[in-house]
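S.K.: Dropping the structure in here first, questions after.
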Amino acid sequence: MTSRKTTWLSLIAMANDELPDAEAVVSTVARQDCGDPQLRITGQTDALITFSWGDATVLLARVGHPIPAAQLVGPCEMAWYWPQAADAVAQHQAHLLITLIDEGRDPVEKGLRLTLLTSAVADSVAALGIVWGPAGLIHQPAAFAEQTGQMTRENLPLFLWIDFRITAVGAGFYQLCTTGLEAFERQEMEVAHCRTDPQQLLDDLYNVAHYVIDQSTAIKDADTIRPADDRQLTARQESSLLNDHRQIIRLEYE
């Protein structure tokens, strides 16, 4: 599979123009991440804090103006799980840019680290919204913190990382398209024109996505997958419903 190189970053829209307390961020991260290596402060100015995290480097930059409106339109429109997103960030005054640079670590560990760090930073400032850069999703800070607190290597916070977009396409029919799997070096998945309960559809695709990310397993053309004992999906390599030039995994219920 050919995919674009992922930039591991997040944005935090703020009600004011403050830089977080670096020591508080380190302490918050340490409470949830008790292993080695630990997050360490390596430098600080009025607008930038740098950290080391083992082989990784973290840059936390204060940007004294709002996130450009054009960058927020798409994420806010996609935020079916947070209908108030646009209103919540409409009056933000500045934002923080968090960048994780770690060439050697696997994507799941990068995702876990960026999630934990983003939540810790948001907890230290007047956060109004969090943009997850790899998928272009926006999240309510409290919801982001709640899911971060529950995440483990075995329980990945996929609703923070991936958009599972369900759309009605006729009476009783639905389609689902993911956005965000490419960051984890997996093809996006889609289900087209399916007469399945939307909650079941969401649960099934969530479980399949969790499996392929957690197990570093690529789905191949004609593979069969069983998200539950009474359901089976067949995989096909096809063009995306969203972009004819992108190849995705089309899943069909048997």
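Chain labels follow the order of the structure tokens: the first chain is A, the next B, and so on; residue numbering restarts at 1 in every chain, and ligands are counted from 1 in their shown order.
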I'd like the contact shell of region 75-78 of chain A - 10 Å cut-off, only C-alpha atoms, skipping same-chain residues fewer than 4 positions apart - returned as a short mmCIF file (atom, residue, chain, number, x, y, z; two decimals) with C-alpha atoms, in the first residue's frame.
M.R.:
```cif
data_model
loop_
_atom_site.label_atom_id
_atom_site.label_comp_id
_atom_site.auth_asym_id
_atom_site.auth_seq_id
_atom_site.Cartn_x
_atom_site.Cartn_y
_atom_site.Cartn_z
CA ALA A 70 -10.50 27.29 6.54
CA GLN A 71 -8.70 24.64 8.60
CA TRP A 82 -19.97 16.96 18.59
CA PRO A 83 -22.58 19.09 16.80
CA GLN A 84 -21.57 22.20 18.79
CA ALA A 85 -17.94 22.11 17.62
CA ALA A 86 -18.11 25.17 15.36
CA ASP A 87 -19.80 27.29 18.03
CA ALA A 88 -17.39 26.10 20.72
CA VAL A 89 -14.27 27.26 18.87
CA VAL A 131 -7.86 19.05 16.38
CA TRP A 132 -6.33 15.61 15.79
CA GLY A 133 -4.03 16.31 12.86
CA ALA A 135 -7.23 12.55 10.52
CA GLY A 136 -8.36 16.18 10.66
CA LEU A 137 -10.89 15.51 13.44
CA ILE A 138 -12.00 17.99 16.11
CA HIS A 139 -12.86 16.90 19.66
CA ASP A 163 -13.78 9.09 11.69
CA PHE A 164 -16.32 6.30 11.18
CA ARG A 165 -18.73 8.26 8.99
#
```
S.K.: Could you tell me, as a PyMOL selection string, which residues of region 49-227 of chain A DSSP assigns to alpha helix (DSSP H) when given the backbone?
M.R.: chain A and resi 69-78+85-89+107-122+141-150+158-161+198-214
S.K.: Of the candidates A:Gln175, A:Gln215, A:Thr152, A:Thr196, which one gets nearest to Ser240 (chain A) if we count only C-alpha atoms?
M.R.: A:Gln175
S.K.: Near Ala127 (chain A), counting only C-alpha atoms, which residues have an atom at most 6 Å away, once you skip same-chain residues fewer than 4 positions from it, shown as an NGL selection string?
M.R.: :A and (13-14 or 122)
S.K.: Using the selection just defined, write its residues with N, CA and C atoms as a short mmCIF file (atom, residue, chain, number, x, y, z; two decimals), in the first residue's frame.
M.R.:
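Final output, out-v2.cif:
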```
data_model
loop_
_atom_site.label_atom_id
_atom_site.label_comp_id
_atom_site.auth_asym_id
_atom_site.auth_seq_id
_atom_site.Cartn_x
_atom_site.Cartn_y
_atom_site.Cartn_z
N ALA A 13 -7.28 24.76 20.36
CA ALA A 13 -7.86 26.10 20.30
C ALA A 13 -8.10 26.59 21.72
N MET A 14 -7.64 27.83 22.01
CA MET A 14 -7.68 28.34 23.39
C MET A 14 -8.47 29.63 23.50
N ALA A 122 -3.90 20.09 27.07
CA ALA A 122 -5.24 20.68 27.10
C ALA A 122 -5.73 20.85 28.53
#
```
S.K.: So which residues touch Arg40 (chain A) within 12 Å, counting only C-alpha atoms, skipping near sequence neighbours fewer than 4 positions away, as a PyMOL selection string?
M.R.: chain A and resi 22-27+29-30+36+44+49-59+117
S.K.: For the atom pair CA of Tyr253 (chain A) and CA of Ala168 (chain A), what is the interatomic distance in Å to one decimal place?
M.R.: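 One can read the CA of Tyr253 (chain A) to CA of Ala168 (chain A) distance as 16.8 Å.
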S.K.: Given only C-alpha atoms as the basis, pick out the residue of A:Gln200, A:Thr6, A:Asn207, A:Thr217 nearest to Lys110 (chain A).
M.R.: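 Using only C-alpha atoms, Lys110 (chain A) sits closest to A:Thr6.
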S.K.: Sort by chain and increasing residue number a table of all residues of region 38-139 of chain A within 12 Å of region 185-191 of chain A, each with its closest pair of atoms and their distance in Å to one decimal, counting only C-alpha atoms, and write it as CSV.
M.R.:
```
residue,atom,partner,partner_atom,distance
A:Asp106,CA,A:Glu185,CA,9.7
A:Pro107,CA,A:Glu185,CA,7.6
A:Val108,CA,A:Glu185,CA,9.8
A:Pro134,CA,A:Glu185,CA,11.6
A:Ala135,CA,A:Glu188,CA,11.3
```
S.K.: Figure out the distance between CA of Phe159 (chain A) and CA of Leu181 (chain A), please, to one decimal in Å.
M.R.: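 We find that CA of Leu181 (chain A) and CA of Phe159 (chain A) lie 11.4 Å from each other.
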S.K.: Closest to Pro37 (chain A) among A:Ala218, A:Arg113, A:Arg153, A:Gln199, using only C-alpha atoms?
M.R.: A:Arg113
